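S.K.: File entry.txt below, compact mmCIF, C-alpha atoms and all ligand atoms:
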```txt
# COMPACT_ATOMS: atom_id res chain seq x y z
CA MET A 1 -9.64 15.99 50.40
CA GLY A 2 -13.18 15.77 48.94
CA ARG A 3 -11.63 15.15 45.56
CA LYS A 4 -9.49 12.32 46.88
CA ILE A 5 -12.58 10.63 48.25
CA LEU A 6 -14.38 11.11 44.93
CA LEU A 7 -11.48 9.50 43.04
CA TRP A 8 -11.44 6.67 45.53
CA VAL A 9 -15.18 6.05 45.05
CA LEU A 10 -14.86 6.21 41.23
CA GLY A 11 -11.93 3.81 41.38
CA GLY A 12 -14.03 1.42 43.39
CA LEU A 13 -16.89 1.62 40.88
CA LEU A 14 -14.54 0.95 37.95
CA ALA A 15 -12.99 -1.98 39.77
CA THR A 16 -16.46 -3.41 40.36
CA SER A 17 -17.52 -3.15 36.72
CA ALA A 18 -14.18 -4.58 35.56
CA SER A 19 -14.65 -7.64 37.74
CA ALA A 20 -18.23 -8.04 36.40
CA ASP A 21 -16.69 -8.36 32.92
CA ASP A 22 -14.55 -11.23 34.09
CA ARG A 23 -17.56 -13.51 33.77
CA GLN A 24 -17.11 -16.09 31.04
CA LEU A 25 -19.37 -15.51 28.03
CA VAL A 26 -21.14 -18.74 27.03
CA GLN A 27 -22.51 -18.78 23.46
CA PHE A 28 -26.01 -20.26 23.42
CA PRO A 29 -28.28 -20.40 20.36
CA GLU A 30 -30.92 -17.65 20.64
CA MET A 31 -33.79 -20.03 21.44
CA MET A 32 -31.88 -21.85 24.17
CA ARG A 33 -30.90 -18.56 25.73
CA GLY A 34 -34.52 -17.44 25.81
CA HIS A 35 -35.54 -20.76 27.30
CA MET A 36 -32.85 -20.62 29.96
CA MET A 37 -33.76 -17.05 30.94
CA MET A 38 -37.39 -18.14 31.28
CA ASN A 39 -36.25 -20.92 33.63
CA MET A 40 -34.20 -18.41 35.59
CA ARG A 41 -37.16 -16.10 36.10
CA ASP A 42 -39.25 -19.07 37.21
CA HIS A 43 -36.54 -20.11 39.73
CA MET A 44 -36.74 -16.63 41.21
CA SER A 45 -40.56 -16.76 41.45
CA ALA A 46 -40.41 -20.22 42.97
CA LEU A 47 -38.07 -18.98 45.71
CA ALA A 48 -40.47 -16.14 46.58
CA GLU A 49 -43.52 -18.42 46.46
CA ALA A 50 -41.89 -21.00 48.71
CA GLN A 51 -40.88 -18.34 51.21
CA SER A 52 -44.43 -16.95 51.28
CA LEU A 53 -45.77 -20.46 51.83
CA VAL A 54 -43.35 -20.98 54.74
CA ALA A 55 -44.53 -17.67 56.22
CA ALA A 56 -48.11 -18.99 55.92
CA ASP A 57 -47.08 -22.25 57.66
CA GLU A 58 -47.73 -24.26 54.47
CA TRP A 59 -44.55 -26.32 54.68
CA ASP A 60 -45.53 -29.21 52.42
CA ARG A 61 -46.60 -26.91 49.62
CA ALA A 62 -43.36 -24.93 49.97
CA SER A 63 -41.43 -28.19 49.76
CA ASP A 64 -43.30 -29.15 46.55
CA VAL A 65 -42.73 -25.78 44.88
CA ILE A 66 -38.97 -26.03 45.45
CA GLU A 67 -38.69 -29.66 44.32
CA GLN A 68 -40.88 -29.32 41.23
CA ARG A 69 -39.57 -25.97 39.99
CA VAL A 70 -35.94 -25.85 41.13
CA GLY A 71 -35.03 -29.31 42.43
CA MET A 72 -33.83 -32.42 40.57
CA SER A 73 -37.45 -33.02 39.42
CA SER A 74 -37.39 -29.75 37.48
CA MET A 75 -34.49 -30.85 35.29
CA MET A 76 -36.70 -32.80 32.87
CA SER A 77 -39.42 -30.19 32.50
CA HIS A 78 -36.80 -27.46 32.12
CA GLY A 79 -35.05 -29.31 29.31
CA ALA A 80 -31.75 -29.53 31.21
CA SER A 81 -30.61 -32.46 29.06
CA HIS A 82 -30.69 -30.22 25.94
CA MET A 83 -28.94 -27.31 27.58
CA ALA A 84 -26.34 -29.01 29.77
CA PRO A 85 -24.18 -30.28 26.85
CA LEU A 86 -23.76 -26.68 25.61
CA MET A 87 -22.39 -25.51 28.94
CA PRO A 88 -18.73 -25.45 29.91
CA PRO A 89 -18.19 -28.30 32.44
CA ALA A 90 -17.76 -25.90 35.39
CA MET A 91 -21.08 -24.22 34.61
CA ARG A 92 -22.84 -27.55 34.17
CA ALA A 93 -21.48 -28.67 37.56
CA LEU A 94 -22.81 -25.48 39.20
CA GLY A 95 -26.20 -26.11 37.63
CA THR A 96 -26.33 -29.68 38.92
CA GLU A 97 -25.25 -28.52 42.39
CA MET A 98 -28.03 -25.94 42.37
CA HIS A 99 -30.69 -28.57 41.53
CA ARG A 100 -29.26 -30.90 44.20
CA GLU A 101 -29.24 -28.12 46.82
CA ALA A 102 -32.88 -27.34 45.95
CA SER A 103 -33.90 -30.97 46.46
CA ARG A 104 -32.07 -30.90 49.81
CA LEU A 105 -33.99 -27.73 50.75
CA SER A 106 -37.23 -29.41 49.69
CA ARG A 107 -36.57 -32.26 52.14
CA THR A 108 -35.62 -29.78 54.88
CA LEU A 109 -38.88 -27.90 54.34
CA SER A 110 -40.91 -31.01 55.13
CA GLU A 111 -39.36 -30.88 58.64
CA ALA A 112 -41.10 -27.52 59.24
CA ASP A 113 -38.13 -26.04 61.11
CA LEU A 114 -37.85 -22.30 60.44
CA GLN A 115 -34.16 -21.92 61.28
CA LYS A 116 -33.14 -24.90 59.16
CA ALA A 117 -35.33 -23.60 56.35
CA MET A 118 -33.64 -20.20 56.39
CA ALA A 119 -30.21 -21.85 56.23
CA GLY A 120 -31.44 -23.97 53.31
CA PHE A 121 -32.80 -20.98 51.38
CA ALA A 122 -29.45 -19.21 51.88
CA ALA A 123 -27.49 -22.27 50.73
CA LEU A 124 -29.63 -22.49 47.59
CA THR A 125 -29.32 -18.76 46.83
CA GLU A 126 -25.53 -19.08 47.17
CA ARG A 127 -25.68 -21.67 44.34
CA CYS A 128 -27.44 -19.08 42.14
CA ILE A 129 -24.85 -16.43 43.07
CA ALA A 130 -21.90 -18.73 42.33
CA CYS A 131 -22.98 -19.33 38.74
CA HIS A 132 -23.99 -15.71 38.13
CA ALA A 133 -20.54 -14.60 39.31
CA GLY A 134 -18.76 -16.82 36.79
CA PHE A 135 -20.89 -16.93 33.63
CA ARG A 136 -22.99 -14.81 31.30
CA VAL A 137 -24.88 -15.53 28.08
CA HIS A 138 -25.39 -11.91 26.95
C1 LIG B 1 -25.54 -22.89 36.05
C2 LIG B 1 -25.56 -21.44 36.14
C3 LIG B 1 -26.69 -20.73 36.81
C4 LIG B 1 -27.35 -21.06 37.96
C5 LIG B 1 -27.08 -22.21 38.90
C6 LIG B 1 -28.36 -20.05 38.15
N1 LIG B 1 -28.32 -19.13 37.14
FE1 LIG B 1 -29.55 -17.53 36.90
N2 LIG B 1 -28.54 -16.98 35.24
C7 LIG B 1 -27.43 -17.64 34.71
C8 LIG B 1 -26.93 -16.89 33.57
C9 LIG B 1 -25.72 -17.29 32.73
C10 LIG B 1 -27.75 -15.77 33.43
C11 LIG B 1 -27.61 -14.65 32.37
C12 LIG B 1 -26.62 -13.64 32.88
C13 LIG B 1 -26.13 -12.69 31.79
O1 LIG B 1 -26.01 -13.10 30.61
O2 LIG B 1 -25.84 -11.52 32.12
C14 LIG B 1 -28.78 -15.86 34.48
C15 LIG B 1 -29.81 -14.95 34.66
C16 LIG B 1 -30.76 -15.02 35.66
C17 LIG B 1 -31.88 -14.11 35.79
C18 LIG B 1 -32.25 -12.99 34.83
C19 LIG B 1 -33.30 -13.52 33.87
C20 LIG B 1 -33.67 -12.55 32.77
O3 LIG B 1 -34.74 -12.74 32.16
O4 LIG B 1 -32.90 -11.62 32.48
C21 LIG B 1 -32.54 -14.47 36.93
C22 LIG B 1 -33.80 -13.81 37.52
C23 LIG B 1 -31.86 -15.61 37.50
N3 LIG B 1 -30.78 -15.92 36.69
C24 LIG B 1 -32.24 -16.27 38.65
C25 LIG B 1 -31.61 -17.39 39.17
C26 LIG B 1 -31.96 -18.01 40.43
C27 LIG B 1 -33.04 -17.54 41.38
C28 LIG B 1 -31.10 -19.07 40.58
C29 LIG B 1 -31.01 -20.05 41.71
C30 LIG B 1 -32.20 -20.71 42.19
C31 LIG B 1 -30.24 -19.10 39.42
N4 LIG B 1 -30.57 -18.06 38.59
C32 LIG B 1 -29.25 -20.03 39.20
C33 LIG B 1 -26.89 -18.81 35.17
C34 LIG B 1 -27.29 -19.50 36.31
```
Hey, can you dump this file as structure tokens for me?

M.R.:
Amino acid sequence: MGRKILLWVLGGLLATSASADDRQLVQFPEMMRGHMMMNMRDHMSALAEAQSLVAADEWDRASDVIEQRVGMSSMMSHGASHMAPLMPPAMRALGTEMHREASRLSRTLSEADLQKAMAGFAALTERCIACHAGFRVH
């Protein structure tokens, strides 16, 4: 009985790692990959900073952080125009959707409504998850 459960758990683990390998590998030149990973880490920090600012009732600053570092405004400073052409179209579309969702969240944050803000943060995070589920560069 215990053994059956163990096999079942192992099977589940293997199935999980197999599905992780289903992500499409995108070949980026080394420098671009480094640049993109730096952007990724900054997106993550920006999310945490914005959430802390909301918790401190600093809605306008939270709105700025999201727009400048993740929203449509961040596309220039993050060199999106150099990277986007190297992406498969589906990945590029997910990237654009993520920036658009962030700009939407930025506008929501200026309304200073906690429940709407939480929904907006979730919607943005789902955009991150969608791309991570489909693509890898390593
Ligand atoms: C258009 C696709 C795409 C979107 C959208 C996206 N990412 Fe990523 N992200 C990637 C890829 C590809 C990797 C590398 C995964 C791999 O090779 O295993 C990555 C890696 C990362 C990493 C790891 C960085 C490192 O140094 O290892 C972090 C953190 C991250 N993303 C955060 C985010 C956050 C937060 C968001 C949303 C605000 C986001 N990403 C949106 C594609 C995306």

S.K.: Let me see if you get this right: every residue at most 9 Å from ligand LIG 1 (chain B), counting all atoms listed in the file, written as a PyMOL selection string.

M.R.: chain A and resi 23-26+33-34+36-47+70+84+87+90-99+102+124-138

S.K.: Can you measure atom CA of A:Glu111 to atom CA of A:Gln68 for me? One decimal in Å is fine.

M.R.: 17.5 Å

S.K.: So what do you get for atom CA of A:Ser106 versus atom CA of A:Asp64, distance-wise?

M.R.: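 Computed distance, atom CA of A:Ser106 to atom CA of A:Asp64, equals 6.8 Å.
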
S.K.: I need the residue nearest A:Glu101 from this list: A:Met83, A:Ala122, A:Val65, A:Met31. Use all atoms listed in the file for the distance.

M.R.: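 Of all the options, A:Ala122 lies closest to A:Glu101.
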
S.K.: For each of A:Ala62, A:Met72, A:Met32, A:Ala48, take the minimum atom-to-atom distance to A:Pro85, counting all atoms listed in the file, then give the residue where this is smallest.

M.R.: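 For A:Pro85, the nearest of the given residues is A:Met32.
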